[in-house]
Structure formats: C-alpha cells, structure tokens
Amino acid sequence: MVLALVIGDMHIPHRAADLPTKFKELLVPGKIQHVICTGNLCSKDALDWLKGLCGGGTSALHVVEGDFDDDFTTLPQSKVVNIGDFRIGVTHGHAIVPWGDIEALKSVQRLMDVDVLVTGHTHAFAAYKVNGDKALIINPGSATGAFTPLRSDVKPSFVLMDIEGSRIVVYVYELLPGDELKVDKIVWNKDESTS
C-alpha cells in the first residue's frame, strides 16, 4: 500500500494565511509516501511543509508550477509520476481551456498517456472516471479554501490516494461550514476498467 497526498491551490500567504487546523492535524510526517501538488503554493514555507510530509526527500515530492508560483521558476509545467501500477500525470490546469472542462481534461489525459490525471486551478474538488472508465481525473480543490475570481464559496479540500496493485481508493477530505470534516470515498480498479 502506498499513500499519496494530492493537494494544491494553497495561495499562502496571498489569499489564505495557512491550511485549516483540522487538515494540519491529519497531515503529519511519517504516514504519506508521496505528495502530488498541482501548484499555486505561493511560498517557500508551503513547499517546505510538503517536503516534510514525505520525509524531506524530493523523490517523493511531485510539484508542478501554478500560474501564481512566480518564485518557483524551476518547477515543471507538467510531469508524469509512476507510483505502483499507475502512471499519474500532474498539471496545474490554468493552460487547459476552458478551465476544468471535462472534454479538455480528457484530451490532456490521453496526450499525457496516463492512468490518472491530477489537475487544479478551479479550487473545486472534482473526480471523473473517463474514457470508458479506463482513466481517472482528479482535482483536489484548494487546500486552504482560497477564493478565486470565479468563486468565493470555496470549501477547503484535499485528497488521499491509497494505491495498492491496480486499485486506487480516493479519500476526499472537505471542510464544511462550522468546521465539520466530511470524508468521501471513490474506488477505482484499473484492471476492472479494461474488461
């Protein structure tokens, strides 16, 4: 079993001071093997915190550049990561037009030739089984609930992927009003999708 944190659009400190306390209590070093980040960290402190979650090693930290990551010019625009039996593509999503459009995302998934496409930018959690259930697209939303010009009612969210063999269990963590934590689960089996 490999546990991968999927997170992004923090916008610290420009649009949010920090992650919600409940999220920081859940996300502690020593439990997560990989961190996949869709960018828009906006600070070195946020990047350092992510490094610490996966033991400080950069081989387990997979970050792409968001449209507000001006200080991180060495980050790639997109990348492909192999975790277990899966090829996982990561991109921020601001160059995908229209933003968050499922048909455009399916096209990117096929072009990157990945089983799972992780994207961000919309600040809203989304997950889709696409291309005859042969692929999965995940947007973890904004980990801080940072506002966006398109939406001011952003709920803080992130995703944990439990990867084992050809199966991924996606746990979606979302902070609701009143500091209530909601957790949903999505199961996707790569082998079953090919039959």
# chains A, B, ... in the order shown; residues from 1 in each chain; ligands from 1
$ residues_around --residues "Asp115 in chain A" --least-positions-apart "2" --cutoff "8 Å" --atoms "only C-alpha atoms" --output "number ranges by chain"
A: 86-89, 109, 113, 117, 134-136, 190
$ select_by_dssp --residues "range 11-81 of chain A" --states "helix (DSSP H, G or I)" --output "ChimeraX atom specification"
/A:21-26,44-53,58-60
$ write_last_selection --atoms "all heavy atoms" --output "short mmCIF file (atom, residue, chain, number, x, y, z; two decimals), in the first residue's frame"
data_model
loop_
_atom_site.label_atom_id
_atom_site.label_comp_id
_atom_site.auth_asym_id
_atom_site.auth_seq_id
_atom_site.Cartn_x
_atom_site.Cartn_y
_atom_site.Cartn_z
N THR A 21 -6.60 24.17 10.54
CA THR A 21 -6.01 23.41 11.63
C THR A 21 -6.37 21.94 11.55
O THR A 21 -5.52 21.06 11.78
CB THR A 21 -6.45 24.00 12.99
OG1 THR A 21 -6.06 25.38 13.03
CG2 THR A 21 -5.82 23.26 14.16
N LYS A 22 -7.62 21.63 11.22
CA LYS A 22 -8.03 20.21 11.12
C LYS A 22 -7.21 19.47 10.08
O LYS A 22 -6.91 18.30 10.25
CB LYS A 22 -9.52 20.12 10.80
CG LYS A 22 -10.39 20.32 12.00
CD LYS A 22 -11.76 19.76 11.80
CE LYS A 22 -12.50 19.88 13.11
NZ LYS A 22 -13.77 19.25 13.12
N PHE A 23 -6.88 20.13 8.97
CA PHE A 23 -6.07 19.49 7.94
C PHE A 23 -4.65 19.26 8.44
O PHE A 23 -4.08 18.20 8.23
CB PHE A 23 -6.05 20.32 6.66
CG PHE A 23 -7.33 20.28 5.85
CD1 PHE A 23 -8.44 19.57 6.27
CD2 PHE A 23 -7.40 20.96 4.66
CE1 PHE A 23 -9.60 19.53 5.52
CE2 PHE A 23 -8.56 20.93 3.89
CZ PHE A 23 -9.67 20.21 4.32
N LYS A 24 -4.09 20.25 9.13
CA LYS A 24 -2.72 20.10 9.63
C LYS A 24 -2.62 18.99 10.67
O LYS A 24 -1.60 18.31 10.76
CB LYS A 24 -2.21 21.42 10.20
CG LYS A 24 -1.78 22.39 9.12
CD LYS A 24 -0.86 23.42 9.68
CE LYS A 24 0.12 23.80 8.60
NZ LYS A 24 1.05 24.80 9.03
N GLU A 25 -3.68 18.78 11.44
CA GLU A 25 -3.69 17.70 12.43
C GLU A 25 -3.71 16.33 11.74
O GLU A 25 -3.15 15.37 12.26
CB GLU A 25 -4.90 17.84 13.36
CG GLU A 25 -4.79 19.02 14.31
CD GLU A 25 -6.08 19.32 15.05
OE1 GLU A 25 -7.12 18.68 14.76
OE2 GLU A 25 -6.06 20.20 15.93
N LEU A 26 -4.38 16.24 10.60
CA LEU A 26 -4.47 14.99 9.86
C LEU A 26 -3.19 14.68 9.06
O LEU A 26 -2.80 13.52 8.93
CB LEU A 26 -5.64 15.03 8.87
CG LEU A 26 -7.04 15.00 9.46
CD1 LEU A 26 -8.07 15.32 8.38
CD2 LEU A 26 -7.32 13.64 10.07
N LYS A 44 7.68 29.61 -0.10
CA LYS A 44 8.67 28.58 0.19
C LYS A 44 8.27 27.79 1.44
O LYS A 44 8.50 26.59 1.52
CB LYS A 44 10.04 29.21 0.37
CG LYS A 44 11.15 28.18 0.57
CD LYS A 44 12.50 28.83 0.72
CE LYS A 44 13.62 27.87 0.96
NZ LYS A 44 13.38 26.79 1.90
N ASP A 45 7.62 28.44 2.39
CA ASP A 45 7.18 27.75 3.61
C ASP A 45 6.20 26.62 3.28
O ASP A 45 6.27 25.54 3.86
CB ASP A 45 6.53 28.72 4.60
CG ASP A 45 7.53 29.65 5.25
OD1 ASP A 45 8.75 29.36 5.20
OD2 ASP A 45 7.10 30.69 5.81
N ALA A 46 5.28 26.88 2.35
CA ALA A 46 4.32 25.85 1.96
C ALA A 46 5.04 24.68 1.28
O ALA A 46 4.74 23.51 1.54
CB ALA A 46 3.25 26.44 1.03
N LEU A 47 6.02 25.00 0.43
CA LEU A 47 6.80 23.95 -0.23
C LEU A 47 7.60 23.14 0.79
O LEU A 47 7.62 21.91 0.73
CB LEU A 47 7.73 24.57 -1.28
CG LEU A 47 8.57 23.59 -2.09
CD1 LEU A 47 7.69 22.67 -2.93
CD2 LEU A 47 9.54 24.35 -2.99
N ASP A 48 8.21 23.81 1.76
CA ASP A 48 8.98 23.12 2.80
C ASP A 48 8.07 22.21 3.64
O ASP A 48 8.48 21.12 4.04
CB ASP A 48 9.70 24.12 3.70
CG ASP A 48 10.86 24.81 2.98
OD1 ASP A 48 11.30 24.31 1.93
OD2 ASP A 48 11.30 25.87 3.48
N TRP A 49 6.85 22.66 3.93
CA TRP A 49 5.91 21.85 4.70
C TRP A 49 5.59 20.56 3.93
O TRP A 49 5.57 19.48 4.52
CB TRP A 49 4.65 22.66 5.00
CG TRP A 49 3.63 21.89 5.77
CD1 TRP A 49 3.66 21.55 7.10
CD2 TRP A 49 2.42 21.32 5.25
NE1 TRP A 49 2.55 20.82 7.44
CE2 TRP A 49 1.76 20.67 6.32
CE3 TRP A 49 1.83 21.31 3.99
CZ2 TRP A 49 0.55 20.01 6.16
CZ3 TRP A 49 0.61 20.66 3.83
CH2 TRP A 49 0.00 20.02 4.90
N LEU A 50 5.36 20.68 2.62
CA LEU A 50 5.09 19.50 1.81
C LEU A 50 6.28 18.54 1.80
O LEU A 50 6.12 17.33 1.90
CB LEU A 50 4.73 19.89 0.38
CG LEU A 50 3.39 20.58 0.17
CD1 LEU A 50 3.20 20.94 -1.29
CD2 LEU A 50 2.24 19.71 0.67
N LYS A 51 7.50 19.10 1.70
CA LYS A 51 8.71 18.26 1.75
C LYS A 51 8.76 17.47 3.04
O LYS A 51 9.12 16.30 3.06
CB LYS A 51 9.97 19.13 1.63
CG LYS A 51 10.28 19.61 0.24
CD LYS A 51 11.54 20.46 0.25
CE LYS A 51 11.76 21.13 -1.08
NZ LYS A 51 12.88 22.08 -1.03
N GLY A 52 8.42 18.11 4.13
CA GLY A 52 8.45 17.46 5.44
C GLY A 52 7.45 16.33 5.57
O GLY A 52 7.68 15.37 6.29
N LEU A 53 6.33 16.43 4.87
CA LEU A 53 5.31 15.38 4.95
C LEU A 53 5.80 14.05 4.39
O LEU A 53 5.41 12.99 4.88
CB LEU A 53 4.05 15.80 4.19
CG LEU A 53 3.17 16.84 4.83
CD1 LEU A 53 1.97 17.13 3.96
CD2 LEU A 53 2.71 16.39 6.22
N THR A 58 13.06 14.74 -1.98
CA THR A 58 12.44 15.33 -3.16
C THR A 58 11.98 14.28 -4.16
O THR A 58 11.17 14.58 -5.02
CB THR A 58 13.41 16.31 -3.86
OG1 THR A 58 14.61 15.61 -4.17
CG2 THR A 58 13.69 17.50 -2.98
N SER A 59 12.43 13.02 -4.04
CA SER A 59 11.99 11.99 -4.97
C SER A 59 10.53 11.61 -4.74
O SER A 59 9.89 11.04 -5.61
CB SER A 59 12.88 10.75 -4.87
OG SER A 59 12.75 10.17 -3.59
N ALA A 60 9.99 11.91 -3.57
CA ALA A 60 8.60 11.60 -3.27
C ALA A 60 7.70 12.83 -3.35
O ALA A 60 6.51 12.76 -3.11
CB ALA A 60 8.50 10.98 -1.89
#
$ closest_atom_pairs --of "range 27-120 of chain A" --to "range 141-165 of chain A" --cutoff "9 Å" --atoms "only C-alpha atoms" --output "Markdown table"
| residue | atom | partner | partner_atom | distance |
| --- | --- | --- | --- | --- |
| A:Ile32 | CA | A:Leu160 | CA | 8.9 |
| A:Ile83 | CA | A:Ile163 | CA | 7.9 |
| A:Gly84 | CA | A:Gly165 | CA | 6.5 |
| A:Asp85 | CA | A:Gly165 | CA | 6.0 |
| A:Phe86 | CA | A:Ile163 | CA | 8.6 |
| A:Thr119 | CA | A:Gly141 | CA | 8.9 |
| A:Gly120 | CA | A:Gly141 | CA | 6.3 |
$ residues_around --residues "range 99-107 of chain A" --least-positions-apart "2" --cutoff "9 Å" --atoms "only C-alpha atoms" --output "number ranges by chain"
A: 93-97, 109-112, 117, 119-122, 126, 128, 130-131, 135, 137, 139
$ write_last_selection --atoms "C-alpha atoms" --output "short mmCIF file (atom, residue, chain, number, x, y, z; two decimals), in the first residue's frame"
data_model
loop_
_atom_site.label_atom_id
_atom_site.label_comp_id
_atom_site.auth_asym_id
_atom_site.auth_seq_id
_atom_site.Cartn_x
_atom_site.Cartn_y
_atom_site.Cartn_z
CA GLY A 93 -4.73 23.40 -15.19
CA HIS A 94 -4.59 27.13 -15.96
CA ALA A 95 -3.50 26.36 -19.54
CA ILE A 96 -6.45 24.00 -20.11
CA VAL A 97 -9.22 25.94 -21.81
CA GLN A 109 -5.12 12.72 -20.10
CA ARG A 110 -4.85 10.97 -23.46
CA LEU A 111 -1.97 13.19 -24.65
CA MET A 112 -0.01 12.53 -21.45
CA LEU A 117 -4.64 12.93 -14.41
CA THR A 119 -5.19 18.89 -12.15
CA GLY A 120 -6.10 22.01 -10.19
CA HIS A 121 -6.80 25.71 -10.77
CA THR A 122 -10.61 25.66 -10.29
CA ALA A 126 -13.84 17.01 -8.86
CA TYR A 128 -14.29 11.65 -13.05
CA VAL A 130 -13.36 8.77 -18.14
CA ASN A 131 -12.65 7.09 -21.47
CA ALA A 135 -8.79 6.58 -16.68
CA ILE A 137 -9.24 12.59 -13.45
CA ASN A 139 -8.90 17.85 -8.94
#
$ closest_residue --among "A:Asp18, A:Thr74, A:Leu41, A:Tyr171" --to "Val6 in chain A" --atoms "only C-alpha atoms"
A:Tyr171
$ atom_distance --atom1 "CA of Gly55 in chain A" --atom2 "CA of Lys31 in chain A"
9.3 Å
$ closest_residue --among "A:Val114, A:Ile168, A:Ser43, A:Cys37" --to "Pro76 in chain A" --atoms "only C-alpha atoms"
A:Cys37
$ residues_around --residues "Lys185 in chain A" --least-positions-apart "5" --cutoff "9 Å" --atoms "only C-alpha atoms" --output "NGL selection string"
:A and (169-172)
$ write_last_selection --atoms "N, CA and C atoms" --output "PDB file, in the first residue's frame"
ATOM      1  N   VAL A 169      -7.989   3.765  -3.968  1.00  0.00           N
ATOM      2  CA  VAL A 169      -9.100   4.262  -3.169  1.00  0.00           C
ATOM      3  C   VAL A 169      -8.806   5.742  -2.921  1.00  0.00           C
ATOM      4  N   VAL A 170      -9.702   6.585  -3.386  1.00  0.00           N
ATOM      5  CA  VAL A 170      -9.557   8.037  -3.269  1.00  0.00           C
ATOM      6  C   VAL A 170     -10.400   8.499  -2.085  1.00  0.00           C
ATOM      7  N   TYR A 171      -9.753   9.119  -1.113  1.00  0.00           N
ATOM      8  CA  TYR A 171     -10.456   9.701   0.026  1.00  0.00           C
ATOM      9  C   TYR A 171     -10.451  11.215  -0.150  1.00  0.00           C
ATOM     10  N   VAL A 172     -11.624  11.802  -0.165  1.00  0.00           N
ATOM     11  CA  VAL A 172     -11.784  13.240  -0.354  1.00  0.00           C
ATOM     12  C   VAL A 172     -12.102  13.861   1.000  1.00  0.00           C
TER      13      VAL A 172
END
$ select_by_dssp --residues "range 68-188 of chain A" --states "strand (DSSP E)" --output "count of residues only"
54
$ atom_distance --atom1 "CA of Leu19 in chain A" --atom2 "CA of Val116 in chain A"
25.4 Å
$ residues_around --residues "Phe68 in chain A" --least-positions-apart "4" --cutoff "9 Å" --atoms "only C-alpha atoms" --output "ChimeraX atom specification"
/A:11,39-42
$ write_last_selection --atoms "N, CA, C and O atoms" --output "tab-separated table (two decimals), in the first residue's frame"
chain	number	residue	atom	x	y	z
A	11	HIS	N	-2.23	29.08	-2.19
A	11	HIS	CA	-2.17	30.55	-2.25
A	11	HIS	C	-1.78	31.17	-0.91
A	11	HIS	O	-2.37	32.16	-0.48
A	39	GLY	N	0.30	22.85	-7.65
A	39	GLY	CA	0.89	24.19	-7.72
A	39	GLY	C	0.08	25.25	-7.01
A	39	GLY	O	-0.84	24.96	-6.26
A	40	ASN	N	0.48	26.49	-7.26
A	40	ASN	CA	-0.05	27.67	-6.57
A	40	ASN	C	0.14	27.55	-5.06
A	40	ASN	O	-0.76	27.82	-4.28
A	41	LEU	N	1.37	27.16	-4.70
A	41	LEU	CA	1.77	27.18	-3.29
A	41	LEU	C	1.99	28.62	-2.84
A	41	LEU	O	1.56	29.01	-1.77
A	42	CYS	N	2.70	29.35	-3.66
A	42	CYS	CA	2.96	30.79	-3.49
A	42	CYS	C	3.93	31.15	-2.37
A	42	CYS	O	4.17	32.32	-2.12
$ atom_distance --atom1 "CA of His14 in chain A" --atom2 "CA of Ala127 in chain A"
27.0 Å
